[in-house]
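Enquirer: Coordinates in input-v4.txt, compact mmCIF, C-alpha atoms and all ligand atoms, are listed below.
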# COMPACT_ATOMS: atom_id res chain seq x y z
CA MET A 69 125.86 -15.67 -22.42
CA LEU A 70 125.30 -14.25 -18.95
CA ASN A 71 126.64 -16.51 -16.20
CA LEU A 72 123.85 -16.79 -13.65
CA LYS A 73 123.58 -19.57 -11.06
CA HIS A 74 120.42 -18.47 -9.27
CA VAL A 75 117.97 -15.55 -9.24
CA ILE A 76 117.59 -14.64 -5.58
CA ASP A 77 118.06 -10.93 -4.96
CA ALA A 78 117.74 -7.98 -7.36
CA ARG A 79 121.05 -6.63 -6.07
CA GLN A 80 122.86 -9.37 -8.00
CA PHE A 81 122.07 -7.60 -11.30
CA ASP A 82 123.77 -4.60 -12.89
CA PRO A 83 122.58 -2.61 -15.93
CA ALA A 84 124.73 -4.61 -18.38
CA MET A 85 123.27 -7.89 -17.10
CA MET A 86 119.79 -6.43 -17.28
CA GLU A 87 120.36 -5.35 -20.89
CA GLU A 88 121.26 -8.92 -21.78
CA ILE A 89 118.09 -10.23 -20.12
CA PHE A 90 115.96 -7.52 -21.76
CA PHE A 91 117.48 -8.27 -25.18
CA SER A 92 116.56 -11.93 -24.84
CA ALA A 93 113.09 -11.09 -23.47
CA ASP A 94 112.55 -8.71 -26.37
CA LEU A 95 113.31 -11.42 -28.94
CA LEU A 96 111.02 -13.82 -27.13
CA ALA A 97 108.25 -11.21 -26.96
CA LYS A 98 108.54 -10.32 -30.63
CA GLY A 99 107.92 -13.96 -31.48
CA LYS A 100 105.14 -14.00 -28.85
CA GLY A 101 106.86 -17.06 -27.40
CA ARG A 102 107.65 -18.82 -30.67
CA TYR A 103 111.23 -17.55 -30.87
CA GLN A 104 113.61 -20.29 -29.78
CA ARG A 105 110.71 -22.34 -28.53
CA LYS A 106 111.42 -25.84 -27.18
CA THR A 107 115.03 -25.04 -26.31
CA LEU A 108 114.35 -26.45 -22.82
CA ARG A 109 113.04 -29.75 -24.24
CA GLU A 110 115.45 -31.82 -22.14
CA GLN A 111 114.87 -29.83 -18.96
CA ARG A 112 112.72 -30.60 -15.91
CA MET A 113 111.26 -27.73 -13.94
CA ALA A 114 109.62 -27.77 -10.48
CA ILE A 115 107.34 -24.85 -9.67
CA LEU A 116 106.92 -24.87 -5.92
CA PHE A 117 104.63 -22.24 -4.43
CA TYR A 118 103.95 -22.02 -0.68
CA GLN A 119 102.02 -18.76 -1.11
CA PRO A 120 99.16 -17.76 -3.43
CA SER A 121 99.96 -16.30 -6.84
CA LEU A 122 98.39 -15.70 -10.21
CA ARG A 123 100.91 -13.85 -12.37
CA THR A 124 104.18 -15.23 -11.08
CA ARG A 125 103.06 -18.86 -11.03
CA PHE A 126 101.21 -18.88 -14.35
CA SER A 127 103.91 -16.94 -16.17
CA HIS A 128 106.71 -19.20 -14.91
CA SER A 129 104.67 -22.26 -15.76
CA LEU A 130 103.76 -20.99 -19.22
CA ALA A 131 107.32 -19.80 -19.85
CA ALA A 132 108.71 -23.24 -19.07
CA LYS A 133 106.08 -25.01 -21.17
CA LEU A 134 106.53 -22.69 -24.17
CA LEU A 135 110.22 -23.49 -24.02
CA GLY A 136 109.43 -27.18 -24.05
CA ALA A 137 110.37 -28.10 -20.47
CA CYS A 138 108.70 -30.84 -18.48
CA VAL A 139 106.95 -28.96 -15.65
CA VAL A 140 105.64 -30.28 -12.34
CA GLU A 141 104.03 -27.76 -10.03
CA SER A 142 102.50 -27.35 -6.61
CA GLU A 143 100.33 -24.28 -6.21
CA ASN A 144 99.86 -24.80 -2.46
CA ALA A 145 102.95 -26.62 -1.25
CA ARG A 146 102.30 -25.52 2.33
CA GLU A 147 99.23 -27.75 2.39
CA PHE A 148 99.79 -30.32 -0.36
CA SER A 149 103.50 -31.13 -0.10
CA SER A 150 105.13 -32.93 2.83
CA ALA A 151 105.64 -29.50 4.41
CA ALA A 152 102.22 -30.25 5.92
CA LYS A 153 103.86 -33.23 7.69
CA GLY A 154 106.73 -31.09 8.93
CA GLU A 155 109.31 -31.58 6.16
CA SER A 156 111.84 -28.76 6.06
CA LEU A 157 112.41 -26.57 3.02
CA GLU A 158 115.99 -27.83 2.90
CA ASP A 159 114.91 -31.47 2.68
CA THR A 160 112.33 -30.60 0.05
CA ILE A 161 115.01 -28.94 -2.09
CA GLN A 162 117.46 -31.81 -1.49
CA VAL A 163 114.87 -34.22 -2.88
CA LEU A 164 113.50 -32.13 -5.76
CA GLY A 165 116.98 -30.90 -6.67
CA ARG A 166 117.91 -34.47 -7.57
CA MET A 167 114.93 -34.84 -9.90
CA PHE A 168 114.70 -31.39 -11.49
CA ASP A 169 117.05 -29.04 -13.36
CA LEU A 170 115.53 -25.81 -11.98
CA ILE A 171 113.21 -24.92 -9.10
CA VAL A 172 110.98 -21.84 -9.06
CA LEU A 173 110.18 -21.15 -5.41
CA ARG A 174 107.68 -18.85 -3.76
CA HIS A 175 107.76 -19.02 0.03
CA TYR A 176 106.19 -17.19 2.94
CA GLU A 177 109.51 -16.62 4.77
CA ALA A 178 112.04 -13.93 3.85
CA GLY A 179 115.34 -15.62 3.07
CA ALA A 180 113.80 -18.95 2.04
CA ALA A 181 115.04 -18.75 -1.55
CA LYS A 182 118.58 -17.99 -0.41
CA ARG A 183 118.49 -20.98 1.94
CA ALA A 184 117.41 -23.13 -0.99
CA ALA A 185 120.11 -21.69 -3.26
CA ASP A 186 122.82 -22.09 -0.61
CA LEU A 187 122.36 -25.85 -0.81
CA GLU A 188 123.90 -25.50 -4.31
CA ILE A 189 122.02 -28.49 -5.69
CA VAL A 190 119.97 -26.88 -8.43
CA PRO A 191 119.36 -23.36 -9.80
CA ILE A 192 116.67 -21.53 -7.83
CA ILE A 193 114.45 -18.70 -9.07
CA ASN A 194 113.08 -16.68 -6.18
CA ALA A 195 109.44 -16.06 -7.10
CA GLY A 196 108.90 -14.03 -3.93
CA ASP A 197 109.97 -14.81 -0.36
CA GLY A 198 107.82 -13.33 2.40
CA PRO A 199 108.40 -9.58 2.70
CA GLY A 200 111.94 -10.11 1.37
CA HIS A 201 112.63 -10.12 -2.38
CA HIS A 202 110.83 -10.48 -5.70
CA PRO A 203 113.66 -10.13 -8.23
CA THR A 204 111.86 -11.39 -11.35
CA GLN A 205 109.11 -8.82 -10.69
CA ALA A 206 111.72 -6.07 -10.39
CA LEU A 207 113.32 -7.10 -13.68
CA LEU A 208 109.99 -7.05 -15.49
CA ASP A 209 109.19 -3.70 -13.85
CA VAL A 210 112.42 -2.11 -15.05
CA TRP A 211 111.92 -3.58 -18.52
CA THR A 212 108.38 -2.21 -18.60
CA ILE A 213 109.59 1.28 -17.61
CA LYS A 214 112.33 1.12 -20.22
CA LYS A 215 109.89 0.08 -22.92
CA ALA A 216 107.47 2.86 -21.96
CA LEU A 217 109.93 5.70 -21.39
CA GLY A 218 113.05 4.64 -23.27
CA THR A 219 115.42 4.90 -20.30
CA ILE A 220 115.75 4.49 -16.55
CA ASN A 221 118.50 7.06 -16.01
CA GLY A 222 117.20 10.42 -14.87
CA LEU A 223 113.66 9.26 -14.09
CA ARG A 224 111.57 10.29 -11.11
CA ILE A 225 109.57 7.34 -9.81
CA ALA A 226 106.91 7.36 -7.09
CA MET A 227 106.18 4.21 -5.10
CA VAL A 228 102.82 4.28 -3.38
CA GLY A 229 101.00 2.25 -0.73
CA ASP A 230 102.35 -0.63 1.33
CA LEU A 231 106.07 0.01 1.16
CA LEU A 232 106.72 -1.75 4.47
CA ASN A 233 105.57 -5.21 3.43
CA GLY A 234 105.92 -4.90 -0.32
CA ARG A 235 108.72 -7.08 -1.68
CA THR A 236 108.09 -5.69 -5.17
CA VAL A 237 108.98 -2.14 -4.17
CA ARG A 238 112.00 -3.31 -2.18
CA SER A 239 113.37 -5.25 -5.14
CA LEU A 240 112.58 -2.41 -7.54
CA CYS A 241 114.55 0.01 -5.34
CA TYR A 242 117.48 -2.40 -5.46
CA LEU A 243 117.45 -2.31 -9.27
CA LEU A 244 116.83 1.43 -9.59
CA GLY A 245 119.86 1.98 -7.36
CA LYS A 246 121.97 0.62 -10.22
CA TYR A 247 121.02 3.47 -12.60
CA LYS A 248 122.10 7.11 -12.82
CA ASP A 249 120.21 10.17 -11.53
CA VAL A 250 117.11 8.26 -10.51
CA GLU A 251 114.93 9.94 -7.91
CA ILE A 252 112.34 8.08 -5.84
CA VAL A 253 109.33 9.52 -4.03
CA PHE A 254 107.89 7.18 -1.38
CA VAL A 255 104.18 7.83 -0.80
CA SER A 256 102.72 5.97 2.17
CA PRO A 257 101.06 6.35 5.52
CA LEU A 258 103.52 6.24 8.41
CA GLN A 259 102.37 2.69 9.24
CA THR A 260 103.65 1.31 5.92
CA ALA A 261 106.71 3.49 5.31
CA MET A 262 109.70 2.08 3.45
CA LYS A 263 112.14 0.25 5.72
CA GLN A 264 115.42 1.86 6.76
CA ASP A 265 117.61 -0.82 5.16
CA VAL A 266 116.34 0.08 1.68
CA LYS A 267 116.75 3.79 2.40
CA ASP A 268 120.32 3.13 3.55
CA TYR A 269 120.96 1.20 0.32
CA LEU A 270 119.64 4.08 -1.79
CA THR A 271 121.77 6.57 0.13
CA GLU A 272 124.83 4.40 -0.41
CA LYS A 273 124.04 4.26 -4.14
CA GLY A 274 123.56 8.04 -4.34
CA VAL A 275 119.85 7.79 -5.18
CA ARG A 276 117.85 10.81 -4.03
CA PHE A 277 114.59 9.95 -2.31
CA SER A 278 111.88 11.73 -0.36
CA GLU A 279 108.88 10.61 1.67
CA THR A 280 105.37 12.01 1.75
CA GLU A 281 101.91 10.92 2.86
CA SER A 282 100.29 12.86 0.01
CA LEU A 283 99.46 11.23 -3.31
CA GLU A 284 98.18 14.61 -4.51
CA SER A 285 101.69 16.04 -4.10
CA LEU A 286 102.55 14.14 -7.31
CA LEU A 287 100.11 16.31 -9.28
CA PRO A 288 100.56 17.42 -11.96
CA SER A 289 103.36 15.53 -13.71
CA LYS A 290 105.78 15.69 -10.77
CA VAL A 291 107.04 12.18 -11.59
CA ASP A 292 107.52 9.98 -14.65
CA VAL A 293 106.12 6.78 -13.14
CA ILE A 294 103.64 6.07 -10.35
CA TYR A 295 104.11 2.54 -9.03
CA GLN A 296 100.95 1.85 -7.05
CA THR A 297 100.75 -1.10 -4.63
CA ARG A 298 98.11 -2.89 -2.61
CA ILE A 299 97.88 -2.52 1.17
CA GLN A 300 98.61 -6.16 1.95
CA LYS A 301 95.92 -7.42 4.30
CA GLU A 302 97.81 -10.67 4.91
CA TRP A 303 100.51 -8.80 6.87
CA PHE A 304 97.97 -7.06 9.17
CA ALA A 305 96.37 -10.18 10.71
CA ASP A 306 97.16 -8.99 14.25
CA GLN A 307 96.36 -5.31 13.52
CA PRO A 308 93.08 -5.33 11.58
CA GLU A 309 92.23 -1.84 12.84
CA VAL A 310 95.40 -0.45 11.24
CA TYR A 311 94.54 -2.16 7.95
CA GLU A 312 91.02 -0.72 7.98
CA ARG A 313 92.38 2.78 8.74
CA ILE A 314 94.87 2.87 5.88
CA LEU A 315 92.91 0.87 3.28
CA GLY A 316 91.77 3.12 0.48
CA CYS A 317 93.99 6.04 1.45
CA TYR A 318 95.50 6.24 -2.05
CA ILE A 319 93.17 5.62 -4.96
CA ILE A 320 94.15 6.30 -8.54
CA ASN A 321 90.90 6.97 -10.37
CA ARG A 322 89.60 9.01 -13.29
CA PRO A 323 89.59 12.39 -11.46
CA PHE A 324 93.20 11.75 -10.36
CA MET A 325 94.22 10.85 -13.92
CA ASP A 326 92.51 13.99 -15.25
CA GLN A 327 94.80 16.09 -13.07
CA LEU A 328 97.94 13.99 -13.52
CA GLY A 329 99.19 15.25 -16.85
CA GLN A 330 100.37 13.35 -19.89
CA GLY A 331 103.45 11.17 -20.02
CA VAL A 332 103.17 9.70 -16.52
CA SER A 333 103.00 5.91 -16.56
CA ILE A 334 100.85 4.10 -14.00
CA MET A 335 102.19 0.72 -12.91
CA HIS A 336 101.10 -1.86 -10.35
CA PRO A 337 102.53 -5.34 -9.67
CA LEU A 338 98.93 -6.54 -9.16
CA PRO A 339 96.68 -7.85 -7.76
CA ARG A 340 94.79 -4.63 -7.07
CA VAL A 341 91.96 -4.41 -4.57
CA GLY A 342 90.52 -0.97 -5.29
CA GLU A 343 93.62 1.26 -5.27
CA ILE A 344 93.36 1.68 -9.07
CA THR A 345 89.84 1.91 -10.40
CA PRO A 346 89.02 -0.04 -13.60
CA ASP A 347 87.73 3.13 -15.31
CA ILE A 348 91.34 4.06 -16.10
CA ASP A 349 92.33 0.67 -17.56
CA ASN A 350 92.05 1.91 -21.14
CA ASP A 351 94.01 5.09 -20.48
CA PRO A 352 97.28 4.82 -22.45
CA ARG A 353 99.16 5.86 -19.31
CA ALA A 354 97.92 2.74 -17.48
CA ILE A 355 100.49 0.06 -18.32
CA TYR A 356 99.95 -2.46 -15.52
CA PHE A 357 98.50 -5.19 -17.73
CA GLN A 358 101.37 -4.89 -20.22
CA GLN A 359 103.64 -5.00 -17.16
CA ALA A 360 102.13 -8.35 -16.13
CA GLU A 361 102.46 -9.72 -19.68
CA ASN A 362 106.11 -8.65 -19.79
CA GLY A 363 106.73 -11.06 -16.92
CA LEU A 364 106.28 -14.03 -19.24
CA TYR A 365 109.17 -13.01 -21.49
CA ILE A 366 111.49 -11.97 -18.65
CA ARG A 367 110.93 -15.38 -17.04
CA MET A 368 111.50 -17.22 -20.31
CA ALA A 369 114.76 -15.30 -20.74
CA LEU A 370 115.88 -16.08 -17.18
CA MET A 371 115.18 -19.79 -17.59
CA LYS A 372 117.22 -19.92 -20.80
CA ILE A 373 120.11 -18.10 -19.15
CA LEU A 374 120.06 -20.23 -15.98
CA LEU A 375 119.98 -23.44 -18.00
CA HIS A 376 122.57 -22.21 -20.54
CA VAL A 377 120.44 -22.77 -23.64
N1 LIG B 401 102.93 -9.46 -8.89
C1 LIG B 401 102.78 -10.68 -8.32
O1 LIG B 401 103.69 -11.21 -7.71
O2 LIG B 401 101.54 -11.23 -8.47
P1 LIG B 401 101.14 -12.69 -8.02
O3 LIG B 401 101.19 -12.73 -6.50
O4 LIG B 401 99.77 -12.92 -8.55
O5 LIG B 401 102.13 -13.65 -8.57
Can you give me the file's structure in the form of structure tokens?
Ligand code: CP
Expert:
Amino acid sequence: MLNLKHVIDARQFDPAMMEEIFFSADLLAKGKGRYQRKTLREQRMAILFYQPSLRTRFSHSLAAKLLGACVVESENAREFSSAAKGESLEDTIQVLGRMFDLIVLRHYEAGAAKRAADLEIVPIINAGDGPGHHPTQALLDVWTIKKALGTINGLRIAMVGDLLNGRTVRSLCYLLGKYKDVEIVFVSPLQTAMKQDVKDYLTEKGVRFSETESLESLLPSKVDVIYQTRIQKEWFADQPEVYERILGCYIINRPFMDQLGQGVSIMHPLPRVGEITPDIDNDPRAIYFQQAENGLYIRMALMKILLHV
């Protein structure tokens, strides 16, 4: 079985490792969670979230419970753990690491999960750290693309929206950089363009990419996947006028889908706040809800691998 100590940064995975995770997730999905259930019966899991979440928190929690683990969670650790009294993340991990076998951590600071992992007390799953990384999301994204299109190699993938603050798109770029002949089109206003460090990484990996402000330039069928993202209001607290200006600049709706062409998958890490209209939810090209469901099985697979069961 794959030897994995922590899940911190998508760059730690290569295609062979991903295949192993996808194989396990596939078996778990086929049994809708019943396959190898309760294999974590002896394990204790802390789910520690300092930032809001629906999908990542519920899917980790459900994954652990389906596998039989004993789960204790905080959905607002910033307010309801001793962080509110000034306790450091390091001390929190030192304490919980002695009680639990695995900690799933979402934190508002980039690098927080790595700091927790560097203590080497307990396996850490990074469930999103500030604008840094979201590796479990990237794994479920790649698995979703593979399930929909059969391969990653040779695909043309557009990433749209808030590429500056979006940890999902950053982590997805890190994984796509591991495949062959992938091409990425970044679609964003200048204010939320992809950061240079990711572009440097893609260049180093030989991944072709281009940048445009035009969503319409993807029409018709210029890409295989459109990965839409939300303009993240929470990162524009001191620039509300910028947020208002760019909000709603890219909306995938029925008229857009009518011009898009067949065979182009629409993905979104969710939540959405208007950038994909619900009238396309039943379009077979819209796979964002399957994408969210896939997260359950990827997270079950990761827990089994990290805990060697
Ligand atoms: N995709 C994602 O991370 O969603 P949540 O913030 O709801 O977990």
Enquirer: Would you list the contacts of Arg146 of chain A as JSON, numbers by chain, taking every protein, DNA or RNA residue within 8 Å and counting all atoms listed in the file, but skipping same-chain residues closer than 5 positions in sequence?
Expert: {"A": [117, 118, 119, 151, 152]}
Enquirer: Could you tell me how far atom CA of Ile299 of chain A sits from atom CA of Ile314 of chain A, in Å to one decimal place?
Expert: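 These atoms are spaced 7.8 Å apart.
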Enquirer: For ligand LIG 401 (chain B), list the contacting residues at 6 Å or closer, counting all atoms listed in the file, as a PyMOL selection string.
Expert: chain A and resi 121-125+337-339
Enquirer: Please produce an output containing C-alpha atoms for each residue in the selection, written as a PDB file, in the coordinates of the input.
Expert:
ATOM      1  CA  SER A 121      99.960 -16.300  -6.840  1.00  0.00           C
ATOM      2  CA  LEU A 122      98.390 -15.700 -10.210  1.00  0.00           C
ATOM      3  CA  ARG A 123     100.910 -13.850 -12.370  1.00  0.00           C
ATOM      4  CA  THR A 124     104.180 -15.230 -11.080  1.00  0.00           C
ATOM      5  CA  ARG A 125     103.060 -18.860 -11.030  1.00  0.00           C
ATOM      6  CA  PRO A 337     102.530  -5.340  -9.670  1.00  0.00           C
ATOM      7  CA  LEU A 338      98.930  -6.540  -9.160  1.00  0.00           C
ATOM      8  CA  PRO A 339      96.680  -7.850  -7.760  1.00  0.00           C
TER       9      PRO A 339
END
Enquirer: Give me the segment 202-303 of chain A side of the contact with segment 76-92 of chain A, cut-off 8 Å, one line per residue showing its nearest atom pair and distance in Å at one decimal, counting all atoms listed in the file, sorted by chain and residue number, as a Markdown table.
Expert:
| residue | atom | partner | partner_atom | distance |
| --- | --- | --- | --- | --- |
| A:His202 | CA | A:Asp77 | CA | 7.3 |
| A:Pro203 | CA | A:Ala78 | CA | 4.7 |
| A:Thr204 | CA | A:Ala78 | CA | 7.9 |
| A:Ala206 | CA | A:Ala78 | CA | 7.0 |
| A:Leu207 | CA | A:Met86 | CA | 7.4 |
| A:Trp211 | CA | A:Phe90 | CA | 6.5 |
| A:Ser239 | CA | A:Ala78 | CA | 5.6 |
| A:Leu240 | CA | A:Ala78 | CA | 7.6 |
| A:Tyr242 | CA | A:Arg79 | CA | 5.6 |
| A:Leu243 | CA | A:Ala78 | CA | 6.0 |
| A:Lys246 | CA | A:Asp82 | CA | 6.1 |
| A:Tyr247 | CA | A:Pro83 | CA | 7.1 |
Enquirer: Using only C-alpha atoms, determine which residues lie at most 8 Å from Pro191 of chain A, disregarding the query and same-chain residues fewer than 5 positions distant; provide the list as a ChimeraX atom specification.
Expert: /A:73-75,169-171,185,374
Enquirer: Mind checking which residues fall within 7 Å of Tyr365 of chain A, counting all atoms listed in the file, ignoring those fewer than 6 positions away in the same chain, and posting them as an MDAnalysis selection string?
Expert: chainID A and resid 93 96:97
Enquirer: Can you work out the spacing between atom CA of Leu244 of chain A and atom CA of Asp292 of chain A in Å, to one decimal?
Expert: 13.6 Å
Enquirer: Counting all atoms listed in the file, what is within 12 Å of Leu315 of chain A, bar same-chain residues fewer than 4 positions away, as a list of chain:residue names?
Expert: A:Gly229, A:Asp230, A:Ser256, A:Pro257, A:Gln259, A:Thr260, A:Thr297, A:Arg298, A:Ile299, A:Gln300, A:Lys301, A:Phe304, A:Pro308, A:Glu309, A:Val310, A:Tyr311, A:Ile319, A:Arg340, A:Val341, A:Gly342, A:Glu343
Enquirer: Using all atoms listed in the file, which of the listed residues (A:Leu232, A:Leu217, A:Leu364, A:Leu70) sits closest to Ser129 of chain A?
Expert: A:Leu364
Enquirer: Identify which of the residues A:His201, A:Leu223, A:Lys290, A:Lys248 lies closest to Gly274 of chain A, counting only C-alpha atoms when measuring atom-to-atom distances.
Expert: A:Lys248
Enquirer: With distances taken over all atoms listed in the file, which residue among A:Ala369, A:Val266, A:Ile193, A:Ile220 lies nearest Ala180 of chain A?
Expert: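 So, comparing all the options, the nearest one is A:Ile193.
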Enquirer: Just checking: using only C-alpha atoms, which residue out of A:Ile334, A:Val237, A:Leu72, A:Leu258 ends up closest to Asn350 of chain A?
Expert: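 Comparing A:Ile334, A:Val237, A:Leu72, A:Leu258 against Asn350 of chain A, the winner is A:Ile334.
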Enquirer: Nearest to Pro346 of chain A among A:Val293, A:Val332, A:Ile373, A:Ile320, with distances taken over all atoms listed in the file: which residue is it?
Expert: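 Looking only at the distances to Pro346 of chain A, the closest residue turns out to be A:Ile320.
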Enquirer: Suppose you want the space between atom CA of Cys138 of chain A and atom CA of Ile189 of chain A; what is it in Å?
Expert: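 Here the two named atoms are 18.6 Å from each other.
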Enquirer: Using only C-alpha atoms, what residues lie at most 12 Å away from (90.1, 8.4, -13.7) (file coordinates), given as a list in words?
Expert: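 Protein and nucleic acid residues near the point are Ile319, Ile320, Asn321, Arg322, Pro323, Phe324, Met325, Asp326, Gln327, Leu328, Gly329, Ile334, Glu343, Ile344, Thr345, Pro346, Asp347, Ile348, Asp349, Asn350, Asp351, Pro352, Arg353 and Ala354 of chain A.
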Enquirer: Which residues are close to His336 of chain A, i.e. within 8 Å by all atoms listed in the file, leaving aside same-chain residues fewer than 5 positions away? Reply as a PDB file with C-alpha atoms, in the coordinates of the input.
Expert:
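Output (result-v9.pdb):
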ATOM      1  CA  TYR A 295     104.110   2.540  -9.030  1.00  0.00           C
ATOM      2  CA  GLN A 296     100.950   1.850  -7.050  1.00  0.00           C
ATOM      3  CA  THR A 297     100.750  -1.100  -4.630  1.00  0.00           C
ATOM      4  CA  TYR A 356      99.950  -2.460 -15.520  1.00  0.00           C
ATOM      5  CA  GLN A 359     103.640  -5.000 -17.160  1.00  0.00           C
TER       6      GLN A 359
END
Enquirer: Between A:Leu231, A:Ile355, A:Cys241, A:Ala226, which one has atoms that come closest to Ser278 of chain A, using only C-alpha atoms?
Expert: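 That would be A:Ala226, the residue with the smallest distance to Ser278 of chain A.
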Enquirer: Could you give me, as a list in words, the residues that have an atom at most 10 Å away from the point (107.4, -13.2, 1.9) in the coordinates of the file, using only C-alpha atoms?
Expert: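 Those residues lying close to the given coordinates are Tyr118, Gln119, Arg174, His175, Tyr176, Glu177, Ala178, Gly179, Ala180, Ala195, Gly196, Asp197, Gly198, Pro199, Gly200, His201, His202, Asn233, Gly234, Arg235 and Trp303 of chain A.
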Enquirer: For segment 81-93 of chain A, where the input has fewer atoms than it should, I would like N, CA, C and O atoms rebuilt and written as a PDB file, in the frame of the given file.
Expert:
ATOM      1  N   PHE A  81     122.062  -8.038  -9.902  1.00  0.00           N
ATOM      2  CA  PHE A  81     122.070  -7.600 -11.300  1.00  0.00           C
ATOM      3  C   PHE A  81     122.666  -6.195 -11.431  1.00  0.00           C
ATOM      4  O   PHE A  81     122.506  -5.365 -10.546  1.00  0.00           O
ATOM      5  N   ASP A  82     123.344  -5.969 -12.560  1.00  0.00           N
ATOM      6  CA  ASP A  82     123.770  -4.600 -12.890  1.00  0.00           C
ATOM      7  C   ASP A  82     123.162  -4.257 -14.255  1.00  0.00           C
ATOM      8  O   ASP A  82     122.597  -5.131 -14.933  1.00  0.00           O
ATOM      9  N   PRO A  83     123.242  -2.991 -14.685  1.00  0.00           N
ATOM     10  CA  PRO A  83     122.580  -2.610 -15.930  1.00  0.00           C
ATOM     11  C   PRO A  83     123.016  -3.432 -17.145  1.00  0.00           C
ATOM     12  O   PRO A  83     122.191  -3.752 -18.007  1.00  0.00           O
ATOM     13  N   ALA A  84     124.282  -3.817 -17.220  1.00  0.00           N
ATOM     14  CA  ALA A  84     124.730  -4.610 -18.380  1.00  0.00           C
ATOM     15  C   ALA A  84     124.049  -5.980 -18.376  1.00  0.00           C
ATOM     16  O   ALA A  84     123.620  -6.478 -19.431  1.00  0.00           O
ATOM     17  N   MET A  85     123.954  -6.583 -17.197  1.00  0.00           N
ATOM     18  CA  MET A  85     123.270  -7.890 -17.100  1.00  0.00           C
ATOM     19  C   MET A  85     121.800  -7.730 -17.476  1.00  0.00           C
ATOM     20  O   MET A  85     121.224  -8.562 -18.188  1.00  0.00           O
ATOM     21  N   MET A  86     121.213  -6.644 -16.984  1.00  0.00           N
ATOM     22  CA  MET A  86     119.790  -6.430 -17.280  1.00  0.00           C
ATOM     23  C   MET A  86     119.584  -6.259 -18.786  1.00  0.00           C
ATOM     24  O   MET A  86     118.623  -6.789 -19.347  1.00  0.00           O
ATOM     25  N   GLU A  87     120.505  -5.535 -19.433  1.00  0.00           N
ATOM     26  CA  GLU A  87     120.360  -5.350 -20.890  1.00  0.00           C
ATOM     27  C   GLU A  87     120.358  -6.687 -21.611  1.00  0.00           C
ATOM     28  O   GLU A  87     119.614  -6.880 -22.578  1.00  0.00           O
ATOM     29  N   GLU A  88     121.203  -7.600 -21.133  1.00  0.00           N
ATOM     30  CA  GLU A  88     121.260  -8.920 -21.780  1.00  0.00           C
ATOM     31  C   GLU A  88     119.936  -9.662 -21.591  1.00  0.00           C
ATOM     32  O   GLU A  88     119.425 -10.293 -22.512  1.00  0.00           O
ATOM     33  N   ILE A  89     119.385  -9.573 -20.395  1.00  0.00           N
ATOM     34  CA  ILE A  89     118.090 -10.230 -20.120  1.00  0.00           C
ATOM     35  C   ILE A  89     116.991  -9.567 -20.950  1.00  0.00           C
ATOM     36  O   ILE A  89     116.158 -10.252 -21.565  1.00  0.00           O
ATOM     37  N   PHE A  90     117.000  -8.234 -21.007  1.00  0.00           N
ATOM     38  CA  PHE A  90     115.960  -7.520 -21.760  1.00  0.00           C
ATOM     39  C   PHE A  90     116.055  -7.823 -23.259  1.00  0.00           C
ATOM     40  O   PHE A  90     115.045  -7.942 -23.951  1.00  0.00           O
ATOM     41  N   PHE A  91     117.293  -7.963 -23.754  1.00  0.00           N
ATOM     42  CA  PHE A  91     117.480  -8.270 -25.180  1.00  0.00           C
ATOM     43  C   PHE A  91     116.843  -9.625 -25.497  1.00  0.00           C
ATOM     44  O   PHE A  91     116.102  -9.781 -26.468  1.00  0.00           O
ATOM     45  N   SER A  92     117.116 -10.595 -24.644  1.00  0.00           N
ATOM     46  CA  SER A  92     116.560 -11.930 -24.840  1.00  0.00           C
ATOM     47  C   SER A  92     115.039 -11.896 -24.700  1.00  0.00           C
ATOM     48  O   SER A  92     114.310 -12.476 -25.525  1.00  0.00           O
ATOM     49  N   ALA A  93     114.543 -11.187 -23.678  1.00  0.00           N
ATOM     50  CA  ALA A  93     113.090 -11.090 -23.470  1.00  0.00           C
ATOM     51  C   ALA A  93     112.421 -10.424 -24.664  1.00  0.00           C
ATOM     52  O   ALA A  93     111.327 -10.824 -25.086  1.00  0.00           O
TER      53      ALA A  93
END
